[in-house]
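Dumped work17.cif below, it's mmCIF, C-alpha atoms and all ligand atoms:
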data_work
#
loop_
_atom_site.group_PDB
_atom_site.id
_atom_site.type_symbol
_atom_site.label_atom_id
_atom_site.label_comp_id
_atom_site.auth_asym_id
_atom_site.auth_seq_id
_atom_site.Cartn_x
_atom_site.Cartn_y
_atom_site.Cartn_z
ATOM 1 C CA MET A 1 8.464 -0.463 -24.729
ATOM 2 C CA ASP A 2 7.330 -0.146 -21.156
ATOM 3 C CA ALA A 3 8.386 -1.613 -17.873
ATOM 4 C CA ALA A 4 5.922 -4.468 -18.330
ATOM 5 C CA ARG A 5 8.132 -5.798 -21.105
ATOM 6 C CA ILE A 6 11.186 -6.143 -18.884
ATOM 7 C CA ASP A 7 11.865 -9.870 -18.641
ATOM 8 C CA LYS A 8 10.959 -10.503 -14.993
ATOM 9 C CA THR A 9 12.547 -13.953 -15.083
ATOM 10 C CA GLN A 10 15.898 -12.387 -15.937
ATOM 11 C CA PRO A 11 15.895 -9.078 -14.091
ATOM 12 C CA ASN A 12 19.560 -8.416 -14.864
ATOM 13 C CA VAL A 13 19.111 -8.538 -18.608
ATOM 14 C CA ILE A 14 19.495 -5.044 -19.988
ATOM 15 C CA VAL A 15 16.863 -4.567 -22.656
ATOM 16 C CA PRO A 16 17.238 -1.689 -25.158
ATOM 17 C CA GLY A 17 16.296 1.735 -23.816
ATOM 18 C CA LEU A 18 17.407 4.758 -21.859
ATOM 19 C CA TYR A 19 18.292 4.102 -18.213
ATOM 20 C CA LEU A 20 18.247 6.951 -15.689
ATOM 21 C CA VAL A 21 20.762 5.699 -13.204
ATOM 22 C CA ALA A 22 21.226 7.196 -9.730
ATOM 23 C CA THR A 23 24.794 7.274 -8.436
ATOM 24 C CA PRO A 24 26.284 8.077 -4.995
ATOM 25 C CA ILE A 25 26.080 11.569 -3.465
ATOM 26 C CA GLY A 26 29.356 11.050 -1.626
ATOM 27 C CA ASN A 27 29.925 7.535 -0.381
ATOM 28 C CA LEU A 28 30.963 5.485 -3.399
ATOM 29 C CA ARG A 29 29.358 2.371 -1.981
ATOM 30 C CA ASP A 30 25.906 3.938 -2.199
ATOM 31 C CA ILE A 31 25.238 2.419 -5.573
ATOM 32 C CA THR A 32 22.759 -0.318 -6.284
ATOM 33 C CA LEU A 33 23.693 -3.699 -7.710
ATOM 34 C CA ARG A 34 21.288 -3.038 -10.559
ATOM 35 C CA ALA A 35 22.947 0.329 -11.296
ATOM 36 C CA LEU A 36 26.255 -1.527 -11.650
ATOM 37 C CA ASP A 37 24.663 -4.123 -13.950
ATOM 38 C CA ILE A 38 23.249 -1.365 -16.120
ATOM 39 C CA LEU A 39 26.434 0.698 -16.232
ATOM 40 C CA ALA A 40 28.338 -2.415 -17.280
ATOM 41 C CA GLY A 41 25.722 -3.565 -19.774
ATOM 42 C CA VAL A 42 24.782 -0.470 -21.787
ATOM 43 C CA ASP A 43 26.490 0.598 -25.029
ATOM 44 C CA LEU A 44 27.200 4.107 -23.780
ATOM 45 C CA VAL A 45 27.043 6.048 -20.521
ATOM 46 C CA LEU A 46 26.055 9.697 -20.863
ATOM 47 C CA CYS A 47 27.430 11.728 -17.970
ATOM 48 C CA GLU A 48 27.843 15.340 -16.927
ATOM 49 C CA ASP A 49 31.600 15.088 -16.577
ATOM 50 C CA THR A 50 33.523 12.196 -18.116
ATOM 51 C CA ARG A 51 36.277 12.429 -15.462
ATOM 52 C CA ILE A 52 33.782 12.047 -12.624
ATOM 53 C CA GLY A 53 31.831 9.358 -14.492
ATOM 54 C CA GLY A 54 35.088 7.559 -15.295
ATOM 55 C CA LYS A 55 36.139 7.594 -11.643
ATOM 56 C CA LEU A 56 32.831 6.112 -10.572
ATOM 57 C CA LEU A 57 33.073 3.302 -13.118
ATOM 58 C CA ALA A 58 36.731 2.629 -12.231
ATOM 59 C CA ALA A 59 35.897 2.532 -8.509
ATOM 60 C CA HIS A 60 33.563 -0.367 -9.256
ATOM 61 C CA GLY A 61 35.926 -2.106 -11.670
ATOM 62 C CA LEU A 62 33.856 -1.137 -14.715
ATOM 63 C CA LYS A 63 34.942 0.168 -18.070
ATOM 64 C CA ASN A 64 32.453 1.558 -20.514
ATOM 65 C CA ARG A 65 32.189 4.252 -23.138
ATOM 66 C CA LEU A 66 31.378 7.631 -21.639
ATOM 67 C CA GLU A 67 30.125 10.718 -23.406
ATOM 68 C CA ARG A 68 29.600 14.144 -21.927
ATOM 69 C CA TYR A 69 25.962 15.199 -21.549
ATOM 70 C CA ASP A 70 25.852 18.514 -19.707
ATOM 71 C CA GLU A 71 24.054 21.763 -20.450
ATOM 72 C CA HIS A 72 26.654 22.668 -23.098
ATOM 73 C CA ALA A 73 26.810 19.321 -24.896
ATOM 74 C CA ALA A 74 23.134 18.390 -24.581
ATOM 75 C CA GLU A 75 21.882 20.018 -27.802
ATOM 76 C CA ARG A 76 24.601 18.341 -29.838
ATOM 77 C CA VAL A 77 24.494 14.930 -28.171
ATOM 78 C CA ARG A 78 20.718 14.514 -27.794
ATOM 79 C CA PRO A 79 19.904 13.794 -31.466
ATOM 80 C CA LYS A 80 22.716 11.217 -31.617
ATOM 81 C CA ALA A 81 21.569 9.591 -28.407
ATOM 82 C CA LEU A 82 17.967 9.424 -29.636
ATOM 83 C CA ALA A 83 19.093 7.934 -32.958
ATOM 84 C CA ALA A 84 21.117 5.301 -31.100
ATOM 85 C CA LEU A 85 18.109 4.452 -28.940
ATOM 86 C CA ALA A 86 15.815 4.309 -31.978
ATOM 87 C CA ALA A 87 18.255 1.823 -33.526
ATOM 88 C CA GLY A 88 17.810 -0.480 -30.534
ATOM 89 C CA GLY A 89 20.675 0.858 -28.415
ATOM 90 C CA LYS A 90 21.032 0.779 -24.651
ATOM 91 C CA LEU A 91 22.104 4.026 -23.015
ATOM 92 C CA ALA A 92 22.493 5.121 -19.421
ATOM 93 C CA LEU A 93 22.359 8.699 -18.164
ATOM 94 C CA ILE A 94 24.100 9.551 -14.912
ATOM 95 C CA SER A 95 24.902 12.882 -13.272
ATOM 96 C CA ASP A 96 27.925 13.828 -11.179
ATOM 97 C CA ALA A 97 26.037 12.769 -8.070
ATOM 98 C CA GLY A 98 22.639 11.477 -7.098
ATOM 99 C CA THR A 99 19.638 11.076 -9.336
ATOM 100 C CA PRO A 100 19.943 12.441 -12.875
ATOM 101 C CA LEU A 101 17.361 15.119 -13.840
ATOM 102 C CA VAL A 102 17.059 16.291 -10.202
ATOM 103 C CA SER A 103 18.638 19.768 -10.537
ATOM 104 C CA ASP A 104 20.681 18.105 -13.259
ATOM 105 C CA PRO A 105 20.424 17.677 -17.041
ATOM 106 C CA GLY A 106 18.271 15.096 -18.735
ATOM 107 C CA TRP A 107 14.567 15.876 -18.742
ATOM 108 C CA ARG A 108 14.537 16.980 -22.396
ATOM 109 C CA LEU A 109 16.251 13.773 -23.403
ATOM 110 C CA VAL A 110 13.607 11.788 -21.537
ATOM 111 C CA ARG A 111 10.778 13.882 -23.025
ATOM 112 C CA GLU A 112 12.028 13.471 -26.578
ATOM 113 C CA ALA A 113 12.683 9.765 -26.076
ATOM 114 C CA LEU A 114 9.096 9.358 -24.867
ATOM 115 C CA ASP A 115 7.769 11.417 -27.788
ATOM 116 C CA LEU A 116 9.551 8.994 -30.120
ATOM 117 C CA GLY A 117 8.018 6.011 -28.342
ATOM 118 C CA LEU A 118 11.377 4.882 -26.936
ATOM 119 C CA ALA A 119 11.741 3.034 -23.650
ATOM 120 C CA VAL A 120 12.968 4.839 -20.542
ATOM 121 C CA PHE A 121 13.710 3.051 -17.283
ATOM 122 C CA PRO A 122 14.515 4.371 -13.815
ATOM 123 C CA ALA A 123 17.360 2.845 -11.851
ATOM 124 C CA PRO A 124 16.602 4.529 -8.532
ATOM 125 C CA GLY A 125 19.089 5.290 -5.796
ATOM 126 C CA PRO A 126 20.497 8.235 -3.856
ATOM 127 C CA SER A 127 19.310 11.808 -4.081
ATOM 128 C CA ALA A 128 20.544 14.507 -1.715
ATOM 129 C CA ALA A 129 17.014 15.912 -1.320
ATOM 130 C CA LEU A 130 15.546 12.671 0.019
ATOM 131 C CA ALA A 131 18.628 11.771 2.053
ATOM 132 C CA ALA A 132 18.381 15.171 3.777
ATOM 133 C CA LEU A 133 14.635 14.821 4.311
ATOM 134 C CA THR A 134 15.126 11.544 6.145
ATOM 135 C CA VAL A 135 17.479 13.042 8.741
ATOM 136 C CA ALA A 136 16.049 16.555 9.079
ATOM 137 C CA GLY A 137 13.537 15.665 11.780
ATOM 138 C CA LEU A 138 10.812 17.532 9.887
ATOM 139 C CA PRO A 139 7.444 16.216 8.669
ATOM 140 C CA THR A 140 7.796 13.956 5.658
ATOM 141 C CA ASP A 141 4.163 13.370 4.703
ATOM 142 C CA ARG A 142 4.281 16.227 2.206
ATOM 143 C CA PHE A 143 7.364 17.873 0.808
ATOM 144 C CA LEU A 144 8.188 20.194 -2.030
ATOM 145 C CA PHE A 145 11.572 20.146 -3.717
ATOM 146 C CA ALA A 146 12.428 23.623 -4.986
ATOM 147 C CA GLY A 147 15.986 23.143 -6.284
ATOM 148 C CA PHE A 148 18.492 26.006 -6.036
ATOM 149 C CA PRO A 149 17.004 29.348 -4.913
ATOM 150 C CA PRO A 150 17.955 32.378 -7.052
ATOM 151 C CA SER A 151 21.357 33.880 -6.303
ATOM 152 C CA LYS A 152 20.096 37.422 -5.548
ATOM 153 C CA SER A 153 18.157 38.287 -2.419
ATOM 154 C CA ALA A 154 15.202 39.893 -4.251
ATOM 155 C CA GLY A 155 14.686 36.807 -6.412
ATOM 156 C CA ARG A 156 15.085 34.515 -3.428
ATOM 157 C CA ARG A 157 12.561 36.390 -1.345
ATOM 158 C CA ALA A 158 10.089 36.398 -4.223
ATOM 159 C CA LEU A 159 10.409 32.606 -4.476
ATOM 160 C CA PHE A 160 10.065 32.173 -0.710
ATOM 161 C CA GLU A 161 6.941 34.391 -0.673
ATOM 162 C CA GLU A 162 5.462 32.183 -3.356
ATOM 163 C CA LEU A 163 6.228 29.054 -1.319
ATOM 164 C CA ALA A 164 5.224 30.427 2.094
ATOM 165 C CA PRO A 165 1.563 29.289 1.890
ATOM 166 C CA VAL A 166 2.497 25.756 0.863
ATOM 167 C CA ARG A 167 1.850 23.335 3.710
ATOM 168 C CA ALA A 168 4.783 21.051 3.184
ATOM 169 C CA THR A 169 8.397 20.666 4.161
ATOM 170 C CA LEU A 170 10.378 22.667 1.612
ATOM 171 C CA ILE A 171 13.686 21.350 0.290
ATOM 172 C CA PHE A 172 16.328 23.561 -1.319
ATOM 173 C CA TYR A 173 19.807 22.955 -2.664
ATOM 174 C CA GLU A 174 22.312 25.628 -1.726
ATOM 175 C CA GLY A 175 26.020 26.376 -1.933
ATOM 176 C CA GLY A 176 28.242 27.318 1.043
ATOM 177 C CA PRO A 177 29.008 30.921 0.060
ATOM 178 C CA ARG A 178 25.296 31.789 -0.239
ATOM 179 C CA LEU A 179 24.026 29.799 2.727
ATOM 180 C CA ARG A 180 24.033 32.599 5.315
ATOM 181 C CA ALA A 181 22.203 35.102 3.075
ATOM 182 C CA SER A 182 19.731 32.433 2.030
ATOM 183 C CA LEU A 183 18.975 31.486 5.648
ATOM 184 C CA GLU A 184 18.484 35.153 6.529
ATOM 185 C CA ASP A 185 15.960 35.535 3.716
ATOM 186 C CA MET A 186 14.208 32.325 4.789
ATOM 187 C CA ALA A 187 13.951 33.548 8.393
ATOM 188 C CA ALA A 188 12.573 36.889 7.152
ATOM 189 C CA VAL A 189 9.939 35.358 4.871
ATOM 190 C CA PHE A 190 8.973 32.053 6.521
ATOM 191 C CA GLY A 191 9.182 33.422 10.072
ATOM 192 C CA ASP A 192 9.070 31.137 13.066
ATOM 193 C CA ARG A 193 9.540 27.765 11.416
ATOM 194 C CA GLN A 194 11.863 24.888 12.130
ATOM 195 C CA GLY A 195 14.526 24.053 9.610
ATOM 196 C CA ALA A 196 17.612 21.979 9.006
ATOM 197 C CA VAL A 197 20.860 22.358 7.122
ATOM 198 C CA ALA A 198 22.303 19.052 5.901
ATOM 199 C CA ARG A 199 25.872 19.229 4.669
ATOM 200 C CA GLU A 200 28.176 16.708 3.026
ATOM 201 C CA LEU A 201 25.744 13.832 3.497
ATOM 202 C CA THR A 202 27.308 10.370 3.397
ATOM 203 C CA LYS A 203 30.805 11.954 3.398
ATOM 204 C CA LEU A 204 33.476 12.308 6.065
ATOM 205 C CA HIS A 205 32.270 15.713 7.264
ATOM 206 C CA GLU A 206 28.549 14.946 7.250
ATOM 207 C CA THR A 207 26.729 17.404 9.540
ATOM 208 C CA VAL A 208 23.087 18.213 10.102
ATOM 209 C CA VAL A 209 22.227 21.380 12.037
ATOM 210 C CA ARG A 210 18.616 21.637 13.140
ATOM 211 C CA GLY A 211 16.715 24.500 14.734
ATOM 212 C CA SER A 212 14.469 27.489 14.098
ATOM 213 C CA LEU A 213 15.244 29.452 10.942
ATOM 214 C CA ALA A 214 16.138 32.475 13.098
ATOM 215 C CA ASP A 215 18.706 30.406 15.033
ATOM 216 C CA LEU A 216 20.087 28.754 11.902
ATOM 217 C CA ALA A 217 20.558 32.170 10.288
ATOM 218 C CA VAL A 218 23.035 33.175 13.042
ATOM 219 C CA ASP A 219 24.507 29.769 13.873
ATOM 220 C CA PRO A 220 28.325 30.080 13.850
ATOM 221 C CA ARG A 221 28.624 26.453 12.639
ATOM 222 C CA LEU A 222 27.096 27.608 9.374
ATOM 223 C CA ASP A 223 29.599 30.378 8.613
ATOM 224 C CA ALA A 224 30.411 29.928 4.907
ATOM 225 C CA PRO A 225 30.554 26.149 5.219
ATOM 226 C CA ARG A 226 32.373 24.207 2.556
ATOM 227 C CA GLY A 227 30.815 21.434 0.572
ATOM 228 C CA GLU A 228 27.369 20.516 -0.605
ATOM 229 C CA ILE A 229 24.290 21.589 1.257
ATOM 230 C CA VAL A 230 20.575 20.921 1.463
ATOM 231 C CA VAL A 231 18.365 23.370 3.384
ATOM 232 C CA LEU A 232 14.974 22.248 4.631
ATOM 233 C CA VAL A 233 12.147 24.384 5.984
ATOM 234 C CA GLY A 234 9.377 22.809 8.044
ATOM 235 C CA PRO A 235 5.730 23.486 7.232
ATOM 236 C CA GLY A 236 5.219 25.777 10.216
ATOM 237 C CA ASN A 237 2.552 25.638 12.852
ATOM 238 C CA ASP A 238 -0.613 25.829 10.837
ATOM 239 C CA GLU A 239 -3.050 24.264 13.270
ATOM 240 C CA ALA A 240 -5.153 27.427 13.381
ATOM 241 C CA ALA A 241 -5.358 27.567 9.615
ATOM 242 C CA SER A 242 -6.239 23.867 9.491
ATOM 243 C CA ALA A 243 -9.069 24.345 11.956
ATOM 244 C CA GLU A 244 -10.395 27.261 9.931
ATOM 245 C CA ASP A 245 -10.111 25.281 6.717
ATOM 246 C CA ALA A 246 -11.880 22.330 8.289
ATOM 247 C CA ASP A 247 -14.700 24.560 9.570
ATOM 248 C CA ARG A 248 -15.122 26.187 6.188
ATOM 249 C CA ALA A 249 -15.200 22.847 4.383
ATOM 250 C CA LEU A 250 -17.569 21.397 6.984
ATOM 251 C CA MET A 251 -20.074 24.245 6.795
ATOM 252 C CA GLU A 252 -20.157 24.044 3.048
ATOM 253 C CA ALA A 253 -20.617 20.263 3.108
ATOM 254 C CA VAL A 254 -23.219 20.315 5.924
ATOM 255 C CA ALA A 255 -25.368 22.661 3.861
ATOM 256 C CA ARG A 256 -25.154 20.226 0.963
ATOM 257 C CA VAL A 257 -25.320 16.755 2.479
ATOM 258 C CA GLY A 258 -26.002 17.097 6.216
ATOM 259 C CA PRO A 259 -23.628 16.613 9.182
ATOM 260 C CA ALA A 260 -22.913 12.857 8.953
ATOM 261 C CA ARG A 261 -21.939 12.762 5.294
ATOM 262 C CA ALA A 262 -20.196 16.128 5.622
ATOM 263 C CA ALA A 263 -18.003 14.716 8.401
ATOM 264 C CA SER A 264 -17.050 11.693 6.250
ATOM 265 C CA GLU A 265 -16.339 13.857 3.217
ATOM 266 C CA VAL A 266 -14.145 16.353 5.063
ATOM 267 C CA ALA A 267 -12.394 13.637 7.091
ATOM 268 C CA LYS A 268 -11.355 11.986 3.841
ATOM 269 C CA ALA A 269 -10.305 15.229 2.185
ATOM 270 C CA LEU A 270 -8.282 16.654 5.095
ATOM 271 C CA GLY A 271 -7.165 13.455 6.823
ATOM 272 C CA LEU A 272 -8.948 14.391 10.103
ATOM 273 C CA SER A 273 -11.056 12.336 12.497
ATOM 274 C CA ARG A 274 -14.585 11.723 11.235
ATOM 275 C CA ARG A 275 -15.932 11.533 14.807
ATOM 276 C CA ASP A 276 -14.400 14.892 15.792
ATOM 277 C CA LEU A 277 -15.655 16.444 12.590
ATOM 278 C CA TYR A 278 -19.167 15.113 13.159
ATOM 279 C CA ALA A 279 -19.236 16.673 16.649
ATOM 280 C CA ARG A 280 -17.882 19.895 15.207
ATOM 281 C CA ALA A 281 -20.451 19.849 12.398
ATOM 282 C CA LEU A 282 -23.279 19.572 14.936
ATOM 283 C CA ALA A 283 -21.796 22.409 16.991
ATOM 284 C CA LEU A 284 -21.413 24.615 13.939
ATOM 285 C CA ARG A 285 -24.967 23.915 12.828
ATOM 286 C CA GLU A 286 -26.209 24.709 16.324
ATOM 287 C CA ALA A 287 -24.271 27.958 16.421
ATOM 288 C CA ASP A 288 -25.576 28.868 12.994
ATOM 289 C CA SER A 289 -29.261 28.294 13.819
HETATM 290 N N1 LIG A 301 21.079 15.187 -8.805
HETATM 291 C C1 LIG A 301 21.559 15.427 -7.502
HETATM 292 C C2 LIG A 301 20.658 14.733 -6.480
HETATM 293 O O1 LIG A 301 19.874 13.865 -6.857
HETATM 294 O O2 LIG A 301 20.743 15.032 -5.306
HETATM 295 C C3 LIG A 301 21.701 16.907 -7.194
HETATM 296 C C4 LIG A 301 22.555 17.641 -8.154
HETATM 297 S S1 LIG A 301 22.715 19.344 -7.806
HETATM 298 C C5 LIG A 301 23.578 19.922 -9.205
HETATM 299 C C6 LIG A 301 23.966 19.382 -6.594
HETATM 300 C C7 LIG A 301 23.450 19.870 -5.249
HETATM 301 O O3 LIG A 301 22.878 18.781 -4.535
HETATM 302 C C8 LIG A 301 24.535 20.404 -4.347
HETATM 303 O O4 LIG A 301 24.838 21.762 -4.628
HETATM 304 C C9 LIG A 301 23.898 20.260 -2.993
HETATM 305 O O5 LIG A 301 22.962 21.287 -2.765
HETATM 306 C C10 LIG A 301 23.146 18.924 -3.164
HETATM 307 N N2 LIG A 301 24.001 17.811 -2.746
HETATM 308 C C11 LIG A 301 24.598 16.911 -3.541
HETATM 309 N N3 LIG A 301 25.302 16.028 -2.799
HETATM 310 C C12 LIG A 301 25.124 16.378 -1.515
HETATM 311 C C13 LIG A 301 25.586 15.857 -0.277
HETATM 312 N N4 LIG A 301 26.387 14.797 -0.220
HETATM 313 N N5 LIG A 301 25.195 16.468 0.859
HETATM 314 C C14 LIG A 301 24.386 17.543 0.835
HETATM 315 N N6 LIG A 301 23.928 18.087 -0.306
HETATM 316 C C15 LIG A 301 24.283 17.513 -1.475
#

Please express what this file holds, its structure, as structure tokens.
Amino acid sequence: MDAARIDKTQPNVIVPGLYLVATPIGNLRDITLRALDILAGVDLVLCEDTRIGGKLLAAHGLKNRLERYDEHAAERVRPKALAALAAGGKLALISDAGTPLVSDPGWRLVREALDLGLAVFPAPGPSAALAALTVAGLPTDRFLFAGFPPSKSAGRRALFEELAPVRATLIFYEGGPRLRASLEDMAAVFGDRQGAVARELTKLHETVVRGSLADLAVDPRLDAPRGEIVVLVGPGNDEAASAEDADRALMEAVARVGPARAASEVAKALGLSRRDLYARALALREADS
């Protein structure tokens, strides 16, 4: 069954299927009305930790069956969950916080459910990565979520090297004890880029520290901070590279289709001004002749 078969005249009716339900990342009130409908209406709620899941349900006056679905229980619980879904059941998957499957268990369950032709539905809501992106003050047009970096410096640096050419804001999850070392490695590999450290979002001690990676790496406010942390790295100043890329693309296209069409083509591909590109194409052709 797909989303098209949800009864649009009765949006609160919970049809059979697997619901991926986002839950708060701190503030208990950050839960959608639909998430509450689903958590109340399914036969079973799969959750990473039944105590945390139970607290969330209780905080909203809900009672429902909970079953643990974490990395240890997943292999055992998955076949049962799939059988229940195949029999027309309604199941929800939540994680301890935020959106399930985002640095949390669940993707195999979704994959196998899809392979069996079973319905899966998103119930979107909070995720620390997106919450942090919105307040970081960094470009949001392109971003790459990279989860938790490796715990050892060599592994971390290797990952950062791999990500360094990516022209996007990078988003990492990190824990307090490793934050300083991680920021030092980021400053060493990414160089002179802006970044942000977002801690305890939506909670009492919410803080966002913004600045260059070099400054963040020595910022005393970030000395082994407690709590949950997202680190963001801006895309860096790549204007020179963009200009080079644009020139390269233009020259190739001019040779193929002439300056006017080349300017349109490259403008579309790189999101630049067609007029500027046309002028540049003429200049490049002139210089080349
Ligand atoms: N599924 C979750 C989501 O959608 O954000 C993430 C789960 S992951 C196991 C937990 C990590 O998310 C934490 O270690 C931290 O890096 C980040 N995180 C979760 N809640 C946060 C918060 N309130 N503020 C900042 N970071 C948070």

Next item on the list: Find, counting only C-alpha atoms, the residue in A:Leu118, A:Ala188, A:Ala136, A:Ala224 that gets nearest to Gly211 in chain A.
Entry: A:Ala136

Next item on the list: Compare A:Leu213, A:Gly155, A:Ala129, A:Pro165 by their minimum atom-to-atom distance to Ala198 in chain A, counting all atoms listed in the file, and give me the closest one.
Entry: A:Ala129

Next item on the list: Please evaluate the PyMOL selection byres (((chain A and resi 34-40) around 12) and not hetatm) against the structure above and give the resulting residues as a PyMOL selection string.
Entry: chain A and resi 11-24+28-33+41-47+53-54+56-66+90-94+98-99+121-126

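Proximity ranking of A:Pro139, A:Gly117, A:Pro79, A:Gly175 relative to ligand LIG 301 (chain A) places A:Gly175 first, based on only C-alpha atoms and all ligand atoms.
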
Next item on the list: On this file, the PyMOL selection byres (((chain A and resi 166-173) around 9) and not hetatm) gives some set of residues; write that set as a ChimeraX atom specification.
Entry: /A:103,128-130,132-133,138-149,162-165,174-175,195,228-236,238

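CA of Leu116 in chain A is positioned 10.0 Å from CA of Ala83 in chain A.
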
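Take CA of Ser289 in chain A and CA of Arg248 in chain A: the distance between them is 16.2 Å.
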
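Close contacts of Thr202 in chain A, defined as residues with an atom at most 9 Å away when counting all atoms listed in the file, with chain neighbours fewer than 2 positions off set aside, comprise A:Pro24, A:Ile25, A:Gly26, A:Asn27, A:Asp30, A:Ala131, A:Glu200, A:Leu204, A:His205, A:Glu206.
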
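Of the residues under consideration (A:Val266, A:Ala287, A:Ala97, A:Ala217), A:Ala97 shows the shortest atom-to-atom contact distance to ligand LIG 301 (chain A) when counting only C-alpha atoms and all ligand atoms.
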
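Candidate residues A:Gly176, A:Gly89, A:Pro100, A:Gly106 were compared for distance to ligand LIG 301 (chain A), and the nearest is A:Pro100, using all atoms listed in the file.
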
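Using only C-alpha atoms and all ligand atoms, the nearest neighbour of ligand LIG 301 (chain A) within the list A:Ala283, A:Val218, A:Ala246, A:Leu179 is A:Leu179.
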